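Asker: Quick one, input.tsv (TSV, C-alpha atoms and all ligand atoms):
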```tsv
chain	number	residue	atom	x	y	z
Z	16	MET	CA	-2.64	-32.01	5.60
Z	17	ALA	CA	-3.77	-28.72	4.09
Z	18	ASN	CA	-3.76	-26.93	0.73
Z	19	TYR	CA	-1.19	-24.17	0.45
Z	20	LEU	CA	-0.59	-21.50	-2.17
Z	21	ILE	CA	2.90	-20.03	-2.21
Z	22	THR	CA	3.25	-16.91	-4.30
Z	23	GLY	CA	6.84	-16.49	-5.41
Z	24	GLY	CA	7.30	-20.21	-4.75
Z	25	ALA	CA	10.19	-20.41	-7.23
Z	26	GLY	CA	12.07	-17.65	-5.42
Z	27	PHE	CA	14.65	-17.79	-2.67
Z	28	ILE	CA	12.38	-17.82	0.40
Z	29	GLY	CA	9.30	-19.20	-1.37
Z	30	SER	CA	11.12	-22.31	-2.57
Z	31	HIS	CA	12.29	-23.11	0.96
Z	32	LEU	CA	8.67	-22.99	2.09
Z	33	VAL	CA	7.62	-25.25	-0.80
Z	34	HIS	CA	10.21	-27.85	0.20
Z	35	ALA	CA	9.27	-27.68	3.90
Z	36	LEU	CA	5.56	-28.13	3.23
Z	37	LEU	CA	6.08	-31.05	0.88
Z	38	GLU	CA	8.24	-32.76	3.49
Z	39	ARG	CA	5.31	-32.50	5.91
Z	40	GLY	CA	2.92	-33.97	3.35
Z	41	ASP	CA	0.93	-30.83	2.55
Z	42	GLN	CA	-0.46	-30.02	-0.91
Z	43	VAL	CA	1.38	-27.17	-2.60
Z	44	ARG	CA	0.42	-24.86	-5.43
Z	45	VAL	CA	3.03	-22.38	-6.61
Z	46	LEU	CA	2.30	-19.10	-8.35
Z	47	ASP	CA	5.33	-17.54	-9.98
Z	48	ASN	CA	6.12	-15.49	-13.07
Z	49	PHE	CA	9.79	-16.53	-13.06
Z	50	GLU	CA	10.95	-12.95	-13.31
Z	51	THR	CA	13.25	-13.35	-10.33
Z	52	GLY	CA	12.31	-16.92	-9.34
Z	53	LEU	CA	14.22	-19.84	-10.84
Z	54	ARG	CA	12.84	-23.09	-12.28
Z	55	GLN	CA	15.81	-24.96	-10.87
Z	56	ASN	CA	14.63	-24.12	-7.34
Z	57	LEU	CA	11.59	-26.32	-7.98
Z	58	ASP	CA	13.23	-29.01	-10.13
Z	59	PRO	CA	13.63	-31.55	-7.33
Z	60	VAL	CA	9.93	-31.25	-6.42
Z	61	SER	CA	8.30	-30.48	-9.77
Z	62	ASP	CA	6.27	-33.71	-9.75
Z	63	GLY	CA	4.90	-33.01	-6.29
Z	64	ILE	CA	3.51	-29.49	-6.81
Z	65	GLU	CA	0.95	-27.71	-8.94
Z	66	LEU	CA	2.62	-24.88	-10.81
Z	67	ARG	CA	0.73	-21.82	-12.05
Z	68	GLU	CA	2.91	-19.60	-14.16
Z	69	ALA	CA	1.38	-16.13	-13.93
Z	70	ASP	CA	2.08	-12.59	-12.83
Z	71	LEU	CA	0.75	-11.21	-9.55
Z	72	ALA	CA	-0.61	-8.31	-11.62
Z	73	ASP	CA	-2.99	-10.73	-13.38
Z	74	ALA	CA	-5.99	-10.49	-11.05
Z	75	ASP	CA	-7.89	-13.35	-12.71
Z	76	ALA	CA	-4.94	-15.72	-12.54
Z	77	VAL	CA	-4.33	-14.84	-8.90
Z	78	ARG	CA	-8.00	-15.28	-8.03
Z	79	SER	CA	-8.11	-18.67	-9.69
Z	80	ALA	CA	-4.87	-19.70	-7.94
Z	81	CYS	CA	-6.55	-19.00	-4.57
Z	82	GLU	CA	-9.45	-21.38	-5.19
Z	83	GLY	CA	-9.47	-24.47	-2.99
Z	84	ILE	CA	-6.64	-23.11	-0.85
Z	85	ASP	CA	-6.53	-23.13	2.97
Z	86	TYR	CA	-3.40	-21.06	3.59
Z	87	ILE	CA	-1.33	-18.63	1.54
Z	88	PHE	CA	2.31	-17.72	2.03
Z	89	HIS	CA	2.60	-14.50	0.05
Z	90	GLU	CA	6.30	-14.32	-0.79
Z	91	GLY	CA	5.96	-13.08	-4.36
Z	92	ALA	CA	7.42	-9.59	-4.78
Z	93	LEU	CA	10.04	-7.59	-6.60
Z	94	PRO	CA	12.54	-7.16	-3.80
Z	95	SER	CA	15.47	-4.79	-3.37
Z	96	VAL	CA	15.71	-1.21	-2.16
Z	97	PRO	CA	18.01	-0.12	-5.05
Z	98	ARG	CA	15.74	-1.73	-7.67
Z	99	SER	CA	12.80	0.25	-6.30
Z	100	VAL	CA	14.86	3.45	-6.37
Z	101	LYS	CA	15.90	2.87	-9.98
Z	102	GLN	CA	12.59	1.51	-11.27
Z	103	PRO	CA	9.79	2.30	-8.84
Z	104	ARG	CA	6.86	1.42	-11.11
Z	105	PRO	CA	7.40	-2.33	-11.63
Z	106	SER	CA	8.10	-2.88	-7.96
Z	107	HIS	CA	5.07	-0.75	-7.05
Z	108	GLU	CA	2.87	-2.87	-9.31
Z	109	ALA	CA	4.19	-6.19	-8.05
Z	110	ASN	CA	4.44	-5.29	-4.38
Z	111	ILE	CA	1.29	-3.24	-3.88
Z	112	GLY	CA	-0.93	-4.25	-6.82
Z	113	GLY	CA	0.12	-7.88	-6.53
Z	114	THR	CA	-0.52	-7.96	-2.78
Z	115	PHE	CA	-3.95	-6.45	-3.32
Z	116	ASN	CA	-4.75	-9.15	-5.89
Z	117	VAL	CA	-3.69	-11.87	-3.46
Z	118	LEU	CA	-5.92	-10.45	-0.73
Z	119	GLU	CA	-8.89	-10.14	-3.05
Z	120	GLY	CA	-8.33	-13.67	-4.33
Z	121	ALA	CA	-8.06	-14.96	-0.77
Z	122	ARG	CA	-11.21	-13.14	0.34
Z	123	LEU	CA	-13.30	-14.38	-2.60
Z	124	ALA	CA	-12.02	-17.95	-2.24
Z	125	GLY	CA	-12.61	-18.10	1.53
Z	126	VAL	CA	-8.94	-18.77	2.35
Z	127	LYS	CA	-8.38	-19.34	6.09
Z	128	ARG	CA	-5.19	-17.33	6.55
Z	129	VAL	CA	-2.65	-15.30	4.58
Z	130	VAL	CA	0.91	-14.98	5.91
Z	131	TYR	CA	2.70	-12.03	4.32
Z	132	ALA	CA	6.40	-11.43	3.73
Z	133	ALA	CA	6.77	-7.93	5.17
Z	134	SER	CA	10.08	-6.11	5.49
Z	135	SER	CA	12.22	-4.63	8.24
Z	136	SER	CA	12.73	-1.66	5.90
Z	137	ALA	CA	9.47	-0.34	7.39
Z	138	TYR	CA	11.44	1.04	10.36
Z	139	GLY	CA	13.78	3.23	8.32
Z	140	ASN	CA	16.07	5.32	10.47
Z	141	GLN	CA	13.78	5.68	13.46
Z	142	PRO	CA	15.75	6.36	16.62
Z	143	GLY	CA	15.66	3.51	19.12
Z	144	PHE	CA	16.98	-0.05	19.14
Z	145	PRO	CA	15.98	-2.78	19.03
Z	146	ARG	CA	13.08	-2.27	16.64
Z	147	VAL	CA	9.73	-3.04	18.24
Z	148	GLU	CA	6.58	-3.50	16.18
Z	149	THR	CA	4.84	-0.68	18.05
Z	150	MET	CA	7.32	1.92	16.72
Z	151	ALA	CA	5.98	4.31	14.11
Z	152	PRO	CA	7.17	3.26	10.66
Z	153	GLN	CA	9.47	5.50	8.64
Z	154	PRO	CA	9.86	4.01	5.16
Z	155	LEU	CA	12.82	5.57	3.33
Z	156	SER	CA	12.59	3.97	-0.11
Z	157	PRO	CA	9.83	3.07	-2.57
Z	158	TYR	CA	10.40	-0.59	-1.64
Z	159	ALA	CA	9.88	0.16	2.05
Z	160	VAL	CA	6.66	2.07	1.29
Z	161	GLN	CA	5.41	-0.78	-0.87
Z	162	LYS	CA	6.06	-3.48	1.70
Z	163	LEU	CA	4.52	-1.37	4.44
Z	164	THR	CA	1.47	-0.69	2.29
Z	165	GLY	CA	1.09	-4.45	1.94
Z	166	GLU	CA	0.99	-4.73	5.73
Z	167	LEU	CA	-1.69	-2.05	5.98
Z	168	TYR	CA	-3.74	-3.87	3.37
Z	169	MET	CA	-3.33	-7.15	5.28
Z	170	GLN	CA	-4.56	-5.52	8.47
Z	171	ALA	CA	-7.49	-3.84	6.72
Z	172	TYR	CA	-8.64	-7.17	5.27
Z	173	TRP	CA	-8.59	-8.68	8.74
Z	174	ARG	CA	-10.52	-5.76	10.25
Z	175	VAL	CA	-13.05	-5.32	7.44
Z	176	TYR	CA	-13.55	-8.83	6.07
Z	177	GLY	CA	-12.32	-11.02	8.92
Z	178	LEU	CA	-9.70	-12.59	6.62
Z	179	GLU	CA	-6.96	-13.81	8.98
Z	180	THR	CA	-3.69	-12.19	7.98
Z	181	VAL	CA	-0.30	-12.31	9.68
Z	182	CYS	CA	2.58	-10.01	8.66
Z	183	LEU	CA	6.12	-11.23	9.23
Z	184	ARG	CA	8.68	-8.46	9.00
Z	185	TYR	CA	11.74	-10.25	7.65
Z	186	PHE	CA	15.12	-8.84	8.65
Z	187	ASN	CA	17.77	-9.39	5.92
Z	188	ILE	CA	17.29	-13.05	5.14
Z	189	PHE	CA	20.15	-15.10	3.71
Z	190	GLY	CA	20.90	-18.71	2.87
Z	191	ALA	CA	20.98	-21.29	0.11
Z	192	ARG	CA	19.32	-20.36	-3.19
Z	193	GLN	CA	19.56	-16.59	-2.72
Z	194	VAL	CA	20.45	-15.27	-6.18
Z	195	PRO	CA	24.05	-14.02	-6.00
Z	196	ASP	CA	24.68	-12.51	-9.41
Z	197	SER	CA	22.03	-9.87	-9.98
Z	198	PRO	CA	22.80	-6.17	-9.43
Z	199	TYR	CA	19.96	-6.37	-6.87
Z	200	SER	CA	21.21	-9.42	-5.00
Z	201	GLY	CA	21.26	-9.33	-1.22
Z	202	VAL	CA	24.66	-8.46	0.15
Z	203	MET	CA	25.45	-11.87	1.63
Z	204	ALA	CA	24.95	-13.88	-1.56
Z	205	ARG	CA	26.75	-11.21	-3.57
Z	206	PHE	CA	29.79	-11.10	-1.31
Z	207	ILE	CA	30.07	-14.90	-1.18
Z	208	LEU	CA	29.96	-15.26	-4.97
Z	209	MET	CA	32.46	-12.47	-5.53
Z	210	MET	CA	34.91	-13.82	-2.97
Z	211	MET	CA	34.59	-17.29	-4.49
Z	212	ARG	CA	35.45	-15.81	-7.87
Z	213	GLY	CA	38.41	-13.95	-6.39
Z	214	GLU	CA	36.73	-10.57	-6.98
Z	215	THR	CA	36.82	-7.91	-4.26
Z	216	PRO	CA	33.35	-6.81	-3.07
Z	217	THR	CA	32.46	-3.16	-2.58
Z	218	ILE	CA	31.02	-2.01	0.72
Z	219	PHE	CA	28.69	0.95	0.23
Z	220	GLY	CA	29.66	3.54	2.85
Z	221	ASP	CA	31.93	2.98	5.85
Z	222	GLY	CA	30.69	-0.57	6.48
Z	223	GLU	CA	29.60	0.25	10.01
Z	224	GLN	CA	25.93	-0.08	9.05
Z	225	GLY	CA	24.41	-2.98	10.95
Z	226	ARG	CA	21.92	-5.64	9.94
Z	227	ASP	CA	20.04	-8.36	11.81
Z	228	PHE	CA	21.04	-11.03	9.28
Z	229	THR	CA	18.71	-14.01	9.56
Z	230	HIS	CA	19.14	-17.48	8.11
Z	231	VAL	CA	16.30	-18.64	5.87
Z	232	ASP	CA	15.54	-21.75	7.98
Z	233	ASN	CA	14.38	-19.37	10.73
Z	234	VAL	CA	11.94	-17.78	8.29
Z	235	VAL	CA	10.55	-21.16	7.31
Z	236	SER	CA	9.84	-22.04	10.93
Z	237	ALA	CA	8.28	-18.60	11.54
Z	238	ASN	CA	5.87	-19.09	8.62
Z	239	LEU	CA	4.82	-22.56	9.75
Z	240	LEU	CA	4.20	-21.21	13.25
Z	241	ALA	CA	2.25	-18.23	11.87
Z	242	VAL	CA	-0.21	-20.60	10.22
Z	243	GLU	CA	-0.76	-22.56	13.41
Z	244	ALA	CA	-0.94	-19.74	15.96
Z	245	PRO	CA	-4.39	-19.05	17.40
Z	246	ALA	CA	-6.20	-16.22	15.59
Z	247	HIS	CA	-6.64	-14.19	18.78
Z	248	LEU	CA	-2.85	-14.02	19.12
Z	249	ALA	CA	-1.77	-13.68	15.49
Z	250	ALA	CA	-4.48	-12.39	13.16
Z	251	GLY	CA	-4.15	-8.79	12.05
Z	252	ARG	CA	-0.75	-8.46	13.69
Z	253	VAL	CA	2.80	-7.68	12.59
Z	254	PHE	CA	5.83	-9.60	13.91
Z	255	ASN	CA	9.57	-9.08	13.57
Z	256	ILE	CA	11.29	-12.21	12.28
Z	257	ALA	CA	15.01	-12.00	12.89
Z	258	CYS	CA	17.88	-13.36	14.93
Z	259	GLY	CA	17.92	-10.51	17.43
Z	260	GLU	CA	21.60	-9.72	16.78
Z	261	ARG	CA	23.21	-6.82	14.92
Z	262	HIS	CA	26.29	-7.39	12.77
Z	263	THR	CA	28.06	-4.71	10.78
Z	264	LEU	CA	29.00	-5.16	7.15
Z	265	ASN	CA	32.68	-4.86	8.04
Z	266	GLU	CA	32.30	-7.70	10.53
Z	267	THR	CA	30.31	-9.79	8.04
Z	268	TYR	CA	32.90	-9.20	5.33
Z	269	ALA	CA	35.70	-10.31	7.67
Z	270	LEU	CA	33.86	-13.48	8.69
Z	271	LEU	CA	33.07	-14.43	5.10
Z	272	ALA	CA	36.65	-13.71	4.06
Z	273	THR	CA	37.92	-16.06	6.78
Z	274	LEU	CA	35.46	-18.81	5.84
Z	275	LEU	CA	36.37	-18.51	2.17
Z	276	GLY	CA	40.10	-17.89	2.59
Z	277	PHE	CA	39.77	-14.52	0.82
Z	278	GLU	CA	42.63	-12.21	1.66
Z	279	HIS	CA	41.81	-8.83	0.16
Z	280	PRO	CA	40.36	-5.90	2.10
Z	281	PRO	CA	37.05	-4.49	0.83
Z	282	ILE	CA	36.70	-1.59	-1.57
Z	283	HIS	CA	34.55	1.21	-0.09
Z	284	GLY	CA	32.11	3.07	-2.34
Z	285	PRO	CA	29.54	5.80	-1.72
Z	286	GLU	CA	26.55	5.08	0.49
Z	287	ARG	CA	23.53	3.62	-1.29
Z	288	GLU	CA	20.44	5.79	-1.80
Z	289	GLY	CA	17.48	4.82	0.37
Z	290	ASP	CA	19.72	2.68	2.63
Z	291	VAL	CA	18.79	2.14	6.25
Z	292	ARG	CA	21.71	2.78	8.58
Z	293	ASP	CA	21.07	0.22	11.26
Z	294	SER	CA	18.77	-2.65	11.93
Z	295	LEU	CA	18.19	-4.84	14.97
Z	296	ALA	CA	14.98	-6.59	15.95
Z	297	ASP	CA	13.18	-7.23	19.18
Z	298	ILE	CA	11.74	-10.69	18.54
Z	299	SER	CA	9.83	-11.09	21.79
Z	300	ALA	CA	6.38	-10.50	20.24
Z	301	ALA	CA	6.93	-13.34	17.74
Z	302	PHE	CA	8.05	-15.57	20.60
Z	303	ALA	CA	5.05	-14.71	22.78
Z	304	ALA	CA	2.39	-15.07	20.06
Z	305	LEU	CA	3.86	-17.62	17.67
Z	306	GLY	CA	6.46	-19.46	19.76
Z	307	TYR	CA	9.13	-18.27	17.31
Z	308	ALA	CA	12.80	-18.40	18.27
Z	309	PRO	CA	15.69	-18.48	15.81
Z	310	ARG	CA	17.12	-21.97	15.38
Z	311	ILE	CA	20.15	-21.10	13.28
Z	312	GLY	CA	22.43	-18.33	14.56
Z	313	PHE	CA	24.37	-15.86	12.42
Z	314	GLU	CA	27.71	-17.67	12.26
Z	315	GLU	CA	26.19	-21.11	11.80
Z	316	GLY	CA	24.00	-19.61	9.05
Z	317	LEU	CA	27.08	-18.17	7.33
Z	318	ARG	CA	28.87	-21.52	7.45
Z	319	ARG	CA	25.88	-23.35	5.98
Z	320	THR	CA	25.41	-20.74	3.28
Z	321	VAL	CA	29.04	-20.70	2.23
Z	322	ALA	CA	29.00	-24.50	2.10
Z	323	TRP	CA	25.94	-24.45	-0.19
Z	324	TYR	CA	27.46	-22.06	-2.77
Z	401	LIG	C1	16.22	-4.54	2.85
Z	401	LIG	C2	15.52	-4.87	4.16
Z	401	LIG	C3	15.32	-6.39	4.27
Z	401	LIG	C4	14.64	-6.96	3.03
Z	401	LIG	C5	15.47	-6.57	1.82
Z	401	LIG	C6	14.87	-7.08	0.51
Z	401	LIG	C7	16.40	-3.16	5.71
Z	401	LIG	C8	17.19	-2.90	6.93
Z	401	LIG	N1	16.35	-4.44	5.29
Z	401	LIG	O1	17.53	-5.08	2.91
Z	401	LIG	O2	14.54	-6.67	5.42
Z	401	LIG	O3	13.32	-6.51	2.93
Z	401	LIG	O4	15.56	-5.12	1.74
Z	401	LIG	O5	15.59	-6.64	-0.60
Z	401	LIG	O6	15.81	-2.27	5.14
Z	401	LIG	N2	25.68	-3.50	0.31
Z	401	LIG	C9	27.02	-3.32	0.06
Z	401	LIG	N3	27.55	-3.83	-1.08
Z	401	LIG	C10	26.80	-4.54	-1.97
Z	401	LIG	C11	25.44	-4.74	-1.71
Z	401	LIG	C12	24.91	-4.20	-0.55
Z	401	LIG	O7	27.74	-2.67	0.84
Z	401	LIG	O8	27.36	-4.98	-3.00
Z	401	LIG	C13	25.12	-2.95	1.56
Z	401	LIG	C14	23.90	-2.08	1.36
Z	401	LIG	O9	24.25	-0.75	1.05
Z	401	LIG	C15	23.23	-2.23	2.73
Z	401	LIG	C16	23.60	-3.66	3.17
Z	401	LIG	O10	24.69	-4.05	2.36
Z	401	LIG	O11	23.76	-1.32	3.65
Z	401	LIG	C17	22.47	-4.66	2.96
Z	401	LIG	O12	21.98	-4.50	1.64
Z	401	LIG	P1	20.97	-5.54	1.00
Z	401	LIG	O13	20.62	-5.05	-0.37
Z	401	LIG	O14	21.49	-6.92	1.14
Z	401	LIG	O15	19.71	-5.48	1.97
Z	401	LIG	P2	18.87	-4.23	2.60
Z	401	LIG	O16	19.47	-3.89	3.92
Z	401	LIG	O17	18.61	-3.19	1.61
```
Now that the file is in, can you turn its structure into structure tokens?
Ligand code: UD2

Answerer:
Amino acid sequence: MANYLITGGAGFIGSHLVHALLERGDQVRVLDNFETGLRQNLDPVSDGIELREADLADADAVRSACEGIDYIFHEGALPSVPRSVKQPRPSHEANIGGTFNVLEGARLAGVKRVVYAASSSAYGNQPGFPRVETMAPQPLSPYAVQKLTGELYMQAYWRVYGLETVCLRYFNIFGARQVPDSPYSGVMARFILMMMRGETPTIFGDGEQGRDFTHVDNVVSANLLAVEAPAHLAAGRVFNIACGERHTLNETYALLATLLGFEHPPIHGPEREGDVRDSLADISAAFAALGYAPRIGFEEGLRRTVAWY
């Protein structure tokens, strides 16, 4: 049993980690400002956790939240490429300033390890597939720069202060509890909700852009493994966390439409600014160092997600 802090613990991915840790019997403290996180994600477990309602920008609150903690899952962020294009400052402050505050809090409190929610957006439109962690990054949007900066900070804190940090580059995560009705919702949740309401989703561009869509249960197992992996294999390193399969949006739309009995073809709109064209991960480094392998495949993940909504 250990003491965990989960930043963004009321959010989509954070709340899955909260539930998984409680099931194992660990102690959980959640830090969330409820800007994008939802109280209902924590309702079933509210008696079993310690909740700190504060912003990642509040350095004192973050520092105090790190006290007495063994491990941090730093999931708190303002996600979304288009949000960062439209409003770069708030996402800059949350994603870079907030990450800095978490690292400082962790360093001062003597936390054993910080596992960071990094993003596949770091690769941008680099030539070469699948994406390997040794490729030079090419961030295309403010969000991608922010998440990559967080990685660099994580690595610097390992090198300079010996704080064990592990960066997990998430590739388009989907599953239960992903918010479906915000203009910045991930495509999967958005398409499912719209199809359920009988509304026709819009595909930005020709729909032939590909993503390595990854079910959230795979991310939970990757985080738990990242805490346990020996420091000489994991600390200061970056790992792709994905399924290792590329699916186009057209293909995803068709599968969802079949699962939901939705009969209308998609509307096509202009391409989205800052969008990455294609994404596919090499997940062999995460397997070698962490023992990570995806447990839930793409189609099984879609079925489970549709059933949840
Ligand atoms: C990026 C990162 C992902 C994660 C995420 C967090 C990449 C490859 N992935 O996801 O790892 O960090 O950001 O926000 O950079 N789309 C439509 N119609 C819609 C909504 C989206 O066609 O109504 C398209 C969108 O243009 C894009 C794809 O769907 O091509 C996926 O978009 P998204 O917002 O779900 O995720 P993405 O790829 O920006």

Asker: Give the residues close to ligand LIG 401 (chain Z), within 8 Å, counting only C-alpha atoms and all ligand atoms; write them as a PyMOL selection string.

Answerer: chain Z and resi 94-97+133-139+158-159+162+184-188+198-203+205-206+216-220+222+224-227+264+283-284+286-287+290-294

Asker: Which is closest to Gly83 in chain Z among Z:Ala25, Z:Ala308, Z:Leu123, Z:Ala296, if we use only C-alpha atoms?

Answerer: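 With only C-alpha atoms as the atom set, the closest residue is Z:Leu123.
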
Asker: Go through Z:His279, Z:Lys127, Z:Arg39, Z:Arg192 and flag the residue nearest Leu239 in chain Z, using only C-alpha atoms for the distances.

Answerer: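 Going through Z:His279, Z:Lys127, Z:Arg39, Z:Arg192 one by one, the smallest distance to Leu239 in chain Z is for Z:Arg39.
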
Asker: When distances are computed from all atoms listed in the file, which of Z:Arg122, Z:Arg318, Z:His107, Z:Arg128 shows the smallest separation from Thr164 in chain Z?

Answerer: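 Going through Z:Arg122, Z:Arg318, Z:His107, Z:Arg128 one by one, the smallest distance to Thr164 in chain Z is for Z:His107.
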
Asker: In Å, how far is it from CA of Thr180 in chain Z to CA of Leu240 in chain Z?

Answerer: 13.1 Å

Asker: Grab all the atoms of range 207-226 of chain Z that the file lists, wrap them in a box along x, y and z, add 8 Å per side, and give me centre plus edge lengths in Å (one decimal) as JSON.

Answerer:
```
{"center_x": 30.2, "center_y": -6.9, "center_z": 1.5, "size_x": 32.5, "size_y": 36.8, "size_z": 34.8}
```

Asker: Neighbours of range 61-63 of chain Z within 9 Å (all atoms listed in the file; same-chain residues fewer than 6 positions away dropped), as a PyMOL selection string?

Answerer: chain Z and resi 37+42-43

Asker: Considering all atoms listed in the file, return as a list in words whatever protein or nucleic-acid residues lie within 7 Å of range 76-81 of chain Z, sequence-local ones (same chain, fewer than 2 positions apart) excluded.

Answerer: Leu20, Ala69, Leu71, Asp73, Ala74, Gly83, Ile84, Asn116, Val117, Gly120, Ala121 and Ala124 of chain Z

Asker: Grab the CA of Pro195 in chain Z to CA of Ala72 in chain Z distance for me, in Å with one decimal place.

Answerer: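 Answer for the CA of Pro195 in chain Z to CA of Ala72 in chain Z separation: 25.9 Å.
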
Asker: Using only C-alpha atoms, determine which residues lie at most 10 Å from Phe189 in chain Z, disregarding the query and same-chain residues fewer than 5 positions distant; provide the list as a PDB file with C-alpha atoms, in the frame of the given file.

Answerer:
```pdb
ATOM      1  CA  PHE Z  27      14.650 -17.790  -2.670  1.00  0.00           C
ATOM      2  CA  ILE Z  28      12.380 -17.820   0.400  1.00  0.00           C
ATOM      3  CA  VAL Z 194      20.450 -15.270  -6.180  1.00  0.00           C
ATOM      4  CA  GLY Z 201      21.260  -9.330  -1.220  1.00  0.00           C
ATOM      5  CA  VAL Z 202      24.660  -8.460   0.150  1.00  0.00           C
ATOM      6  CA  MET Z 203      25.450 -11.870   1.630  1.00  0.00           C
ATOM      7  CA  ALA Z 204      24.950 -13.880  -1.560  1.00  0.00           C
ATOM      8  CA  PHE Z 228      21.040 -11.030   9.280  1.00  0.00           C
ATOM      9  CA  THR Z 229      18.710 -14.010   9.560  1.00  0.00           C
ATOM     10  CA  HIS Z 230      19.140 -17.480   8.110  1.00  0.00           C
ATOM     11  CA  VAL Z 231      16.300 -18.640   5.870  1.00  0.00           C
ATOM     12  CA  ASP Z 232      15.540 -21.750   7.980  1.00  0.00           C
ATOM     13  CA  VAL Z 234      11.940 -17.780   8.290  1.00  0.00           C
ATOM     14  CA  PHE Z 313      24.370 -15.860  12.420  1.00  0.00           C
ATOM     15  CA  GLY Z 316      24.000 -19.610   9.050  1.00  0.00           C
ATOM     16  CA  LEU Z 317      27.080 -18.170   7.330  1.00  0.00           C
ATOM     17  CA  THR Z 320      25.410 -20.740   3.280  1.00  0.00           C
TER      18      THR Z 320
END
```

Asker: Counting only C-alpha atoms, figure out which residue out of Z:Ile311, Z:Val126, Z:Ala17, Z:Leu271 gets nearest to Cys258 in chain Z.

Answerer: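 Closest candidate: Z:Ile311.
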
Asker: Can you measure CA of Phe88 in chain Z to CA of Gly289 in chain Z for me? One decimal in Å is fine.

Answerer: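 These atoms are spaced 27.2 Å apart.
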